[in-house]
$ cat final00.tsv   # TSV, C-alpha atoms and all ligand atoms
chain	number	residue	atom	x	y	z
A	1	MET	CA	1.64	-10.51	-31.77
A	2	ALA	CA	2.69	-6.83	-31.96
A	3	LEU	CA	5.79	-5.89	-29.99
A	4	PHE	CA	5.85	-3.09	-27.42
A	5	GLU	CA	8.80	-0.73	-27.40
A	6	PRO	CA	11.27	-0.95	-24.50
A	7	GLY	CA	10.94	1.86	-21.97
A	8	ILE	CA	12.98	3.69	-19.40
A	9	GLY	CA	12.16	5.72	-16.32
A	10	TYR	CA	14.31	7.41	-13.67
A	11	VAL	CA	13.74	7.11	-9.95
A	12	ASP	CA	13.92	10.63	-8.58
A	13	ILE	CA	14.34	9.83	-4.90
A	14	ALA	CA	14.19	13.47	-3.72
A	15	ALA	CA	10.93	14.07	-5.60
A	16	GLY	CA	9.66	10.58	-4.77
A	17	GLN	CA	8.61	10.10	-8.38
A	18	LEU	CA	9.33	8.02	-11.44
A	19	LYS	CA	10.35	10.47	-14.13
A	20	GLY	CA	9.01	9.18	-17.43
A	21	ALA	CA	5.93	7.64	-15.79
A	22	THR	CA	2.78	7.16	-17.86
A	23	ASN	CA	0.40	7.49	-14.89
A	24	ARG	CA	0.17	9.51	-11.72
A	25	TYR	CA	-2.17	8.67	-8.86
A	26	MET	CA	-2.57	10.82	-5.76
A	27	LYS	CA	-4.49	10.56	-2.52
A	28	THR	CA	-5.10	13.64	-0.39
A	29	PHE	CA	-5.67	13.45	3.36
A	30	ARG	CA	-9.35	14.13	2.72
A	31	ASP	CA	-9.51	10.98	0.55
A	32	LEU	CA	-8.47	8.77	3.48
A	33	GLU	CA	-11.66	9.07	5.52
A	34	GLY	CA	-12.41	5.98	7.61
A	35	LEU	CA	-8.88	4.55	7.63
A	36	TYR	CA	-7.69	5.71	11.02
A	37	GLU	CA	-8.85	4.77	14.52
A	38	ASP	CA	-8.80	8.35	15.85
A	39	ALA	CA	-11.63	10.15	14.00
A	40	GLU	CA	-11.07	13.41	15.89
A	41	ALA	CA	-7.36	13.56	15.06
A	42	PHE	CA	-8.20	12.74	11.43
A	43	ALA	CA	-10.77	15.58	11.27
A	44	ALA	CA	-8.14	18.00	12.61
A	45	ILE	CA	-5.67	17.00	9.86
A	46	VAL	CA	-8.36	17.30	7.17
A	47	ALA	CA	-9.22	20.78	8.49
A	48	ALA	CA	-5.56	21.84	8.44
A	49	ARG	CA	-4.33	20.14	5.26
A	50	GLY	CA	-7.17	18.15	3.69
A	51	ASP	CA	-6.19	18.95	0.11
A	52	GLU	CA	-2.50	18.14	0.49
A	53	VAL	CA	-1.14	14.94	-1.02
A	54	ALA	CA	-0.75	12.17	1.56
A	55	TYR	CA	0.74	9.72	-0.92
A	56	GLU	CA	1.47	9.62	-4.60
A	57	VAL	CA	2.17	6.88	-7.12
A	58	THR	CA	3.88	7.44	-10.47
A	59	ASP	CA	4.08	4.39	-12.66
A	60	TYR	CA	4.98	3.04	-16.04
A	61	LYS	CA	2.16	0.87	-17.34
A	62	PRO	CA	2.72	-0.42	-20.87
A	63	SER	CA	-0.59	-2.33	-20.85
A	64	ALA	CA	-2.92	-4.25	-18.53
A	65	ASN	CA	-2.24	-7.51	-20.35
A	66	ALA	CA	-1.60	-10.80	-18.58
A	67	GLY	CA	2.15	-11.34	-18.54
A	68	ASP	CA	2.95	-7.62	-18.65
A	69	ILE	CA	4.34	-5.65	-15.69
A	70	ILE	CA	3.67	-2.32	-13.97
A	71	ILE	CA	6.73	-0.57	-12.50
A	72	GLY	CA	6.67	2.60	-10.47
A	73	VAL	CA	7.46	4.66	-7.43
A	74	THR	CA	5.37	5.56	-4.42
A	75	ARG	CA	5.98	8.48	-2.08
A	76	MET	CA	4.30	8.87	1.30
A	77	GLU	CA	4.33	11.81	3.70
A	78	PRO	CA	5.64	11.18	7.22
A	79	GLY	CA	3.35	11.76	10.18
A	80	LYS	CA	0.64	10.33	12.37
A	81	VAL	CA	-3.11	10.55	12.91
A	82	GLY	CA	-3.18	10.47	16.69
A	83	ARG	CA	-0.75	7.63	17.48
A	84	GLU	CA	-1.21	5.87	14.13
A	85	TYR	CA	1.35	6.30	11.37
A	86	TYR	CA	0.28	7.49	7.90
A	87	MET	CA	-0.56	4.62	5.60
A	88	THR	CA	-1.98	3.75	2.20
A	89	ARG	CA	-5.55	2.47	1.82
A	90	GLY	CA	-4.25	-1.02	1.20
A	91	HIS	CA	-5.72	-3.74	-0.97
A	92	ILE	CA	-5.66	-7.32	-2.14
A	93	HIS	CA	-5.08	-7.78	-5.83
A	94	ALA	CA	-8.34	-8.17	-7.73
A	95	ARG	CA	-6.70	-11.26	-9.20
A	96	PRO	CA	-5.59	-12.30	-5.73
A	97	ASN	CA	-2.87	-14.72	-6.76
A	98	ARG	CA	-0.74	-11.90	-8.18
A	99	PRO	CA	2.40	-10.93	-6.17
A	100	GLU	CA	4.25	-7.61	-5.81
A	101	MET	CA	7.77	-6.38	-5.12
A	102	TYR	CA	8.69	-3.25	-3.17
A	103	TYR	CA	12.19	-1.78	-2.98
A	104	GLY	CA	13.11	0.84	-0.37
A	105	GLU	CA	14.65	4.03	-1.79
A	106	SER	CA	14.51	6.40	1.19
A	107	GLY	CA	12.78	6.75	4.53
A	108	LEU	CA	11.53	3.93	6.72
A	109	GLY	CA	8.39	1.96	6.04
A	110	VAL	CA	6.50	-1.06	7.23
A	111	MET	CA	4.66	-3.32	4.84
A	112	LEU	CA	1.65	-4.57	6.75
A	113	LEU	CA	0.36	-7.83	5.31
A	114	GLU	CA	-2.73	-9.83	6.20
A	115	SER	CA	-3.85	-13.17	4.83
A	116	PRO	CA	-7.55	-13.61	4.02
A	117	ALA	CA	-7.84	-15.71	7.20
A	118	GLY	CA	-6.37	-12.86	9.28
A	119	ASP	CA	-2.72	-13.81	9.77
A	120	ILE	CA	-0.55	-10.71	10.11
A	121	ARG	CA	3.03	-10.06	9.01
A	122	THR	CA	5.07	-6.86	9.22
A	123	ILE	CA	8.16	-6.22	7.08
A	124	GLU	CA	10.37	-3.17	7.71
A	125	ILE	CA	11.54	-1.52	4.51
A	126	GLY	CA	14.54	0.80	4.67
A	127	PRO	CA	16.81	1.84	1.77
A	128	LYS	CA	17.84	-1.08	-0.44
A	129	ALA	CA	15.45	-3.54	1.24
A	130	MET	CA	13.53	-5.61	-1.28
A	131	CYS	CA	10.18	-6.87	-0.04
A	132	TYR	CA	8.27	-9.77	-1.56
A	133	VAL	CA	4.49	-9.53	-1.19
A	134	PRO	CA	3.27	-13.05	-1.93
A	135	PRO	CA	0.09	-13.88	-3.82
A	136	PHE	CA	-3.14	-13.69	-1.75
A	137	TRP	CA	-1.82	-11.29	0.91
A	138	ILE	CA	-3.64	-8.01	1.59
A	139	HIS	CA	-0.98	-5.29	1.79
A	140	ARG	CA	-0.64	-1.71	2.95
A	141	SER	CA	2.43	0.56	3.25
A	142	VAL	CA	2.97	2.53	6.44
A	143	ASN	CA	5.46	5.37	6.88
A	144	VAL	CA	6.97	4.81	10.34
A	145	GLY	CA	9.88	7.23	9.83
A	146	SER	CA	10.25	10.98	10.10
A	147	GLU	CA	11.10	11.47	6.40
A	148	PRO	CA	9.07	10.84	3.24
A	149	LEU	CA	8.92	7.13	2.44
A	150	VAL	CA	9.92	6.43	-1.16
A	151	MET	CA	9.70	2.93	-2.61
A	152	THR	CA	9.99	1.43	-6.08
A	153	PHE	CA	7.55	-1.36	-6.90
A	154	ALA	CA	6.68	-3.86	-9.61
A	155	TYR	CA	3.64	-6.12	-10.04
A	156	PRO	CA	1.84	-8.01	-12.80
A	157	ALA	CA	-0.09	-5.64	-15.04
A	158	ASP	CA	-3.39	-7.53	-14.76
A	159	SER	CA	-3.38	-7.64	-10.92
A	160	GLY	CA	-5.94	-4.92	-10.22
A	161	GLN	CA	-6.77	-3.65	-6.73
A	162	ASP	CA	-9.68	-4.66	-4.50
A	163	TYR	CA	-10.27	-2.24	-1.61
A	164	ASP	CA	-13.53	-3.78	-0.35
A	165	VAL	CA	-11.76	-6.72	1.23
A	166	ILE	CA	-10.39	-4.32	3.88
A	167	ALA	CA	-13.44	-2.05	4.11
A	168	LYS	CA	-15.81	-4.97	4.76
A	169	ALA	CA	-13.58	-6.28	7.57
A	170	GLY	CA	-13.55	-2.90	9.36
A	171	GLY	CA	-9.93	-2.33	8.39
A	172	MET	CA	-6.87	-4.54	8.62
A	173	LYS	CA	-6.52	-6.74	11.70
A	174	SER	CA	-3.56	-4.72	13.03
A	175	ARG	CA	-2.76	-1.05	13.26
A	176	ILE	CA	0.77	0.36	13.19
A	177	VAL	CA	1.21	2.90	15.97
A	178	ASP	CA	3.89	4.86	17.83
A	179	ASP	CA	5.47	2.67	20.51
A	180	GLY	CA	6.29	5.72	22.65
A	181	LYS	CA	10.02	5.12	22.18
A	182	GLY	CA	10.43	6.62	18.73
A	183	GLY	CA	9.56	3.40	16.95
A	184	TRP	CA	6.45	1.48	15.96
A	185	LYS	CA	4.42	-1.47	17.12
A	186	ALA	CA	1.47	-3.42	15.77
A	187	ILE	CA	-1.69	-3.42	17.90
A	188	ASP	CA	-5.09	-5.04	17.42
A	189	ASN	CA	-7.71	-3.15	15.44
A	190	THR	CA	-10.70	-3.39	17.77
A	191	ALA	CA	-13.11	-2.76	14.87
A	192	TYR	CA	-11.87	-5.81	12.91
A	193	LEU	CA	-14.44	-8.38	11.77
A	194	ALA	CA	-13.05	-11.76	10.74
A	195	ARG	CA	-13.98	-12.85	7.22
A	196	PRO	CA	-16.56	-15.60	6.83
A	197	GLN	CA	-14.95	-18.95	5.89
A	198	ALA	CA	-16.87	-19.00	2.59
A	199	LEU	CA	-15.26	-15.69	1.58
A	200	ILE	CA	-11.78	-16.90	2.57
A	201	ASP	CA	-12.35	-20.06	0.53
A	202	SER	CA	-13.55	-18.15	-2.52
A	203	ILE	CA	-10.52	-15.80	-2.44
A	204	MET	CA	-8.09	-18.70	-2.04
A	205	ALA	CA	-9.75	-20.64	-4.86
A	206	ARG	CA	-9.22	-17.86	-7.45
A	207	LEU	CA	-6.34	-18.87	-9.65
A	208	ASP	CA	-7.22	-17.07	-12.92
B	1	LIG	O1	-3.77	1.39	-3.95
B	1	LIG	P1	-3.42	1.91	-2.59
B	1	LIG	O2	-3.65	0.89	-1.52
B	1	LIG	O3	-4.07	3.21	-2.31
B	1	LIG	O4	-1.86	2.12	-2.57
B	1	LIG	C1	-1.25	2.92	-3.52
B	1	LIG	C2	-0.34	2.15	-4.43
B	1	LIG	O5	0.56	1.44	-3.67
B	1	LIG	C3	1.56	0.77	-4.35
B	1	LIG	O6	2.51	1.61	-4.81
B	1	LIG	C4	1.02	-0.11	-5.44
B	1	LIG	O7	2.00	-0.70	-6.18
B	1	LIG	C5	0.05	0.59	-6.29
B	1	LIG	O8	-0.52	-0.28	-7.17
B	1	LIG	C6	-1.00	1.21	-5.41
B	1	LIG	O9	-2.02	1.79	-6.15
B	2	FE	FE	-0.58	-4.17	-4.66
$ encode --input "final00.tsv" --output "structure tokens"
Amino acid sequence: MALFEPGIGYVDIAAGQLKGATNRYMKTFRDLEGLYEDAEAFAAIVAARGDEVAYEVTDYKPSANAGDIIIGVTRMEPGKVGREYYMTRGHIHARPNRPEMYYGESGLGVMLLESPAGDIRTIEIGPKAMCYVPPFWIHRSVNVGSEPLVMTFAYPADSGQDYDVIAKAGGMKSRIVDDGKGGWKAIDNTAYLARPQALIDSIMARLD
């Protein structure tokens, strides 16, 4: 077995980036078509700033081997599409029994989690909060603050991301919206389609 070299990166909170990262991943507003309930408000944002970066991930990925780890930083713009706060696409890990850790650096976020059967959890992530995303939970970050949301994360290197699990259900079961008092609340996504039991069973049975 060949050894990897140790590595180091620096969390640049102001830039919202991991300096020394090996990968950079960006999503523009235009890339986020279909995520938000208010299609008209989304079209207006795409017209005004479609090519701007909505969120960015810089990470250090030594390999995709089982037992290895990916560490990085994510930065999300603040704002709303209509009443709905900016969010990531969200995913379940392609190997669904892989977990993830998120650590708040700056700004205020909500981790929106959904089990395959449609149970919802919301975890607020402010500076120094460490959030455990358990195996099998679909997860999405939402910026509910007025500043950029910057978080550090770590997850097993062979996790992978599956986006279809959300797309096929018409989105996640809840949406995170403005509560009218400067905060946020979770409301039902009226387009949500519950997963068939056979699909839930097949996700929960994957232990590789
Ligand atoms: O993959 P998305 O749902 O677009 O979210 C963007 C990113 O969010 C987090 O930072 C994860 O750790 C990344 O693995 C993921 O790629
Ligand atoms: Fe993840």
$ closest_residue --input "final00.tsv" --among "A:Met204, A:Ala157, A:Ile120, A:Ala43" --to "Ile187 (chain A)" --atoms "all atoms listed in the file"
A:Ile120
$ closest_residue --input "final00.tsv" --among "A:Ala94, A:Met172, A:Ala154, A:Ala54" --to "ligand LIG 1 (chain B)" --atoms "only C-alpha atoms and all ligand atoms"
A:Ala154
$ atom_distance --input "final00.tsv" --atom1 "CA of Gly9 (chain A)" --atom2 "CA of Val133 (chain A)"
22.8 Å
$ residues_near_ligand --input "final00.tsv" --ligand "ligand FE 2 (chain B)" --cutoff "9 Å" --atoms "only C-alpha atoms and all ligand atoms" --output "PDB file with C-alpha atoms, keeping the file's coordinate frame"
ATOM      1  CA  GLY A  90      -4.250  -1.020   1.200  1.00  0.00           C
ATOM      2  CA  HIS A  91      -5.720  -3.740  -0.970  1.00  0.00           C
ATOM      3  CA  ILE A  92      -5.660  -7.320  -2.140  1.00  0.00           C
ATOM      4  CA  HIS A  93      -5.080  -7.780  -5.830  1.00  0.00           C
ATOM      5  CA  ARG A  98      -0.740 -11.900  -8.180  1.00  0.00           C
ATOM      6  CA  PRO A  99       2.400 -10.930  -6.170  1.00  0.00           C
ATOM      7  CA  GLU A 100       4.250  -7.610  -5.810  1.00  0.00           C
ATOM      8  CA  MET A 101       7.770  -6.380  -5.120  1.00  0.00           C
ATOM      9  CA  VAL A 133       4.490  -9.530  -1.190  1.00  0.00           C
ATOM     10  CA  ILE A 138      -3.640  -8.010   1.590  1.00  0.00           C
ATOM     11  CA  HIS A 139      -0.980  -5.290   1.790  1.00  0.00           C
ATOM     12  CA  ARG A 140      -0.640  -1.710   2.950  1.00  0.00           C
ATOM     13  CA  PHE A 153       7.550  -1.360  -6.900  1.00  0.00           C
ATOM     14  CA  ALA A 154       6.680  -3.860  -9.610  1.00  0.00           C
ATOM     15  CA  TYR A 155       3.640  -6.120 -10.040  1.00  0.00           C
ATOM     16  CA  SER A 159      -3.380  -7.640 -10.920  1.00  0.00           C
ATOM     17  CA  GLY A 160      -5.940  -4.920 -10.220  1.00  0.00           C
ATOM     18  CA  GLN A 161      -6.770  -3.650  -6.730  1.00  0.00           C
TER      19      GLN A 161
END
$ residues_around --input "final00.tsv" --residues "Val81 (chain A)" --least-positions-apart "2" --cutoff "6 Å" --atoms "all atoms listed in the file" --output "list in words"
Ala41, Phe42, Arg83 and Glu84 of chain A
$ atom_distance --input "final00.tsv" --atom1 "CA of Phe4 (chain A)" --atom2 "CA of Asp68 (chain A)"
10.3 Å
$ atom_distance --input "final00.tsv" --atom1 "CA of Leu199 (chain A)" --atom2 "CA of Asn65 (chain A)"
26.8 Å
$ residues_around --input "final00.tsv" --residues "Val110 (chain A)" --least-positions-apart "3" --cutoff "7 Å" --atoms "all atoms listed in the file" --output "list in words"
Thr122, Ile123, Glu124, Ile125, Ser141, Val142, Asn143 and Val144 of chain A
$ closest_atom_pairs --input "final00.tsv" --of "region 29-65 of chain A" --to "region 174-186 of chain A" --cutoff "12 Å" --atoms "only C-alpha atoms" --output "Markdown table"
| residue | atom | partner | partner_atom | distance |
| --- | --- | --- | --- | --- |
| A:Leu35 | CA | A:Arg175 | CA | 10.0 |
| A:Tyr36 | CA | A:Arg175 | CA | 8.7 |
| A:Glu37 | CA | A:Arg175 | CA | 8.5 |
| A:Asp38 | CA | A:Val177 | CA | 11.4 |
